[in-house]
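Encoded as structure tokens, the structure appears first; notes follow it.
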Amino acid sequence: MFRLKYKTKFLFAFIAFGIILVCLTGWITYTNVYDTLENASIHRLTALREIRKKQVEDYLTNCVNQLMTVGEDASVQQYAAISTTSGKPASFQSLGDKSQNAFEKYTRRFGFKGFYLFKGNSGTGALFLQSRQYPFKNMFDTVSVPRSVIQAYERMNNAEITIPACLSDFFFWPSFGTRPVACIAYPVMLDGKKVGVVVGIIESEIINNIMTSEKNWEEQGFGATGETYLVGSDYLMRSDSRFFLHDGTKQAQGNPGQERSPAAMAQKNNSVLKRAVKTVATSEALKGITNTGLIQDYRGEEVLSSYTPLRLYGLQWAVVAEIDTREAFSSVYALRESLIMISVLMLLLGAVIAIIISRIIAKPINTLIAAADNYAKGNLAFRTHLNSKDEFEVLGKTMNVMAVNLEEHSALLKKEIAVRAKAEGEVLQQQQRLRDLSSHLQSSREEERKGIAREIHDELGQLLNTLKIKIILLRDEPGDNSGSKKLFTETITLLDSIIQSVKRIITNLRPQLLDDLGLIAAIEWQAREFQNTTHIETRFNTNTDEIVLNNTTSISAFRILQEALTNISRHAHANKAVINLTDSEGGILLAISDNGIGLKQKQIENPRSFGIIGMKERALYCGGELQIESKEKQGTTIILKLKKD
């Protein structure tokens with residue numbers, strides 16, 4: 001696994017902390033400043049929108065007030081009332097002339113393009129321009145009366161007297177030039193009765209100048225991309241687009257089919273009634289919603305838009321103020337770039353400081369690591385030399401003291417190890433002596449048994465046999481003493497028992513078969529004797545006819561076999577035993593198995609299990625190895641491994 005040094009970890013930690021701190025600080029600063037600048041841009045844009053809205057409202061209200069003055073003129077009232085009389089009185093022409101003079105005066109004073117005067121409810125009237133009048137007998141004569149004027153007249157004529165005026169939206173009409181115009185209808189009252197309706201024609205240029213700031217956008221605080229414009233309920237512009245004026249051909253191509261009249265087709269330097277603007281801003285404003293937000297404008301650009309409805313004298317427009325986000329938030333973007341640059345510089349500075357500090361900290365640590373490494377290798381004479389005047393210096397001095405103490409303890413430990421090694425050697429020697437003594441005792445005991453057995457066999461056995469022979473001869477002597485014969489018979493029987501007992505004792509002390517016929521014959525005899533005595537089925541298997549072992553090894557193997565069979569008869573509760581003797585190149589293997597209750601591990605390891613200990617000692621004595629394999633209720637197997645001579 002890849003491991004980093006403490007110096008590298010500290011450096012990474014310092015840099016990571018610096019990155020987090022710089023990013024967090026930068027983000028908080030950027031967010032706060034962004035919100036502040038965004039609010040400032042929104043407030044400024046909203047203020048400009050409200051100013052333009054107020055200017056348009058004031059202009060239209062002023063137009064209504066001016067039209068009120070026209071409608072209250074006596075000559076206009078009398079001319080409008082003339083329709084209520086039949087025929088044409090002699091004064092009709094003079095009233096028309098007076099009205100013409102009045103309209104010419106109001107046109108010059110108020111700036112109207114012209115006036116339509118409708119007489120009563122007859123639908124007749126006249127169009128008054130600056131120099132002449134154009135009477136008409138049918139207001140539905142669209143050659144003389146535009147549809148928008150008729151709508152304004154009808155709305156005003158049918159409205160209650162409480163409605164001050166009716167404003168009709170912009171439209172194109174050749175009689176008024178190539179720019180679109182709008183009309184305002186006002187009732188003409190005489191003696192408290194409505195005798196007609198006067199409709200004033202206003203041109204769009206004044207409203208357009210208000211909304212476009214007379215094309216001085218930058219001086220009015222709109223920057224390079226800001227603008228305000230009006231949009232009607234049909235989503236067509238009611239004032240020029242700043243960008244249309246800059247690139248009218250491109251804007252017209254991007255919005256085909258918006259021209260509304262031949263005059264509009266001929267007029268290509270404005271966007272009024274030609275450019276459709278259906279955006280989130282115009283849609284919500286025409287629904288009566290006032291709001292500010294980031295949207296896509298009619299050019300497909302992302303802008304900050306502030307919009308509100310304009311409802312006045314029956315007219316419904318949307319007032320929209322917009323500026324491109326890249327300009328509105330240019331200071332934010334500049335701040336972001338500055339913050340990024342400052343953050344990079346701070347990170348570089350932090351990295352340099354981290355490298356310096358990590359080196360300062362890592363130097364004493366490396367010294368302490370070198371000291372620890374020397375101590376681990378056993379070089380306790382190594383000493384640290386730190387002059388950092390801090391905790392590292394204290395730690396270095398502590399390690400030096402520790403090294404001195406380790407040297408002292410190491411010396412003492414070496415002496416103690418030497419003493420213990422000497423004592424262990426003496427213990428091993430003593431153990432060897434005890435083993436030798438035990439071996440000597442085993443040999444002596446066996447020799448003693450052998451001598452006793454030979455002595456009993458050679459002397460006591462012969463004597464008893466001689467005694468038996470003599471008694472037999474005595475029995476066979478002539479005479480008819482039945483009591484003596486019976487006594488002799490009993491004596492012979494007793495002597496037979498004595499002889500059998502002597503033979504058994506001799507065999508137990510030292511099986512003669514072991515000395516005469518070898519280990520295989522002795523094991524076969526022992527298996528038969530064990531089965532006859534204990535009634536436990538005993539089977540002996542071997543893969544050889546002869547095994548050559550020295551006297552000590554043979555008697556040890558035989559005694560281990562006897563001890564194992566004795567344990568089977570006493571403790572195993574078995575009904576079957578198997579003895580396997582195998583001769584191979586690796587050595588001789590003697591295995592004694594039973595199907596008894598088995599042994600627990602703690603029983604095998606019990607220091608008071610003298611039978612097991614005795615078998616192990618005999619195995620060690622003859623240079624062999626004894627293993628015991630046993631599981632509860634699965635029997636026990638004792639394995640003796642012997643080396644060949």
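Just remember, in the structure tokens the first chain shown is A, the second B, etc., residues are 1-based per chain, and ligands are 1-based in the order shown.
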Selection near Gln151 of chain A, 9 Å with only C-alpha atoms, sequence-local residues under 5 positions removed, as JSON, numbers by chain: {"A": [146, 156, 168]}
Could you please take those selected residues and save N, CA, C and O atoms as a PDB file, in the first residue's frame?
```
ATOM      1  N   PRO A 146     -60.091  56.133 -40.909  1.00  0.00           N
ATOM      2  CA  PRO A 146     -59.449  54.852 -40.579  1.00  0.00           C
ATOM      3  C   PRO A 146     -60.283  54.063 -39.570  1.00  0.00           C
ATOM      4  O   PRO A 146     -61.076  54.623 -38.810  1.00  0.00           O
ATOM      5  N   MET A 156     -66.207  55.944 -27.521  1.00  0.00           N
ATOM      6  CA  MET A 156     -66.489  57.173 -26.778  1.00  0.00           C
ATOM      7  C   MET A 156     -67.959  57.546 -26.871  1.00  0.00           C
ATOM      8  O   MET A 156     -68.578  57.987 -25.912  1.00  0.00           O
ATOM      9  N   SER A 168     -57.106  54.960 -28.652  1.00  0.00           N
ATOM     10  CA  SER A 168     -56.998  53.879 -29.620  1.00  0.00           C
ATOM     11  C   SER A 168     -55.537  53.650 -29.964  1.00  0.00           C
ATOM     12  O   SER A 168     -54.739  54.605 -30.005  1.00  0.00           O
TER      13      SER A 168
END
```
Enumerate, as a PyMOL selection string, the complete set of residues in segment 274-497 of chain A that a backbone-based DSSP assignment places in strand (DSSP E). chain A and resi 291-296+302-312+315-324
Hey, what's within 12 Å of segment 594-608 of chain A if we count only C-alpha atoms and toss same-chain stuff fewer than 6 positions away? As a ChimeraX atom specification, please? /A:536-539,564-580,614-616,627-638
Identify, on the basis of only C-alpha atoms, every residue whose closest approach to Thr46 of chain A does not exceed 9 Å; exclude the query and any residue fewer than 5 positions from it along the same chain; express the result as a list in words. Ser41, Ile51, Thr292, Ser305, Ser306, Tyr307 and Ala321 of chain A
With only C-alpha atoms as the atoms that count, which of A:Ala47, A:Ala224, A:Ile207, A:Leu640 lies nearest to Glu617 of chain A? A:Leu640
Just to confirm, what's the straight-line distance from atom CA of Asn209 of chain A to atom CA of Lys54 of chain A in Å (one decimal)? 13.8 Å
Which neighbours of Phe128 of chain A fall inside 9 Å, counting only C-alpha atoms, when residues of the same chain fewer than 2 positions from it are skipped, and could you give them as a PyMOL selection string? chain A and resi 99-100+103-104+114-117+126+130-135
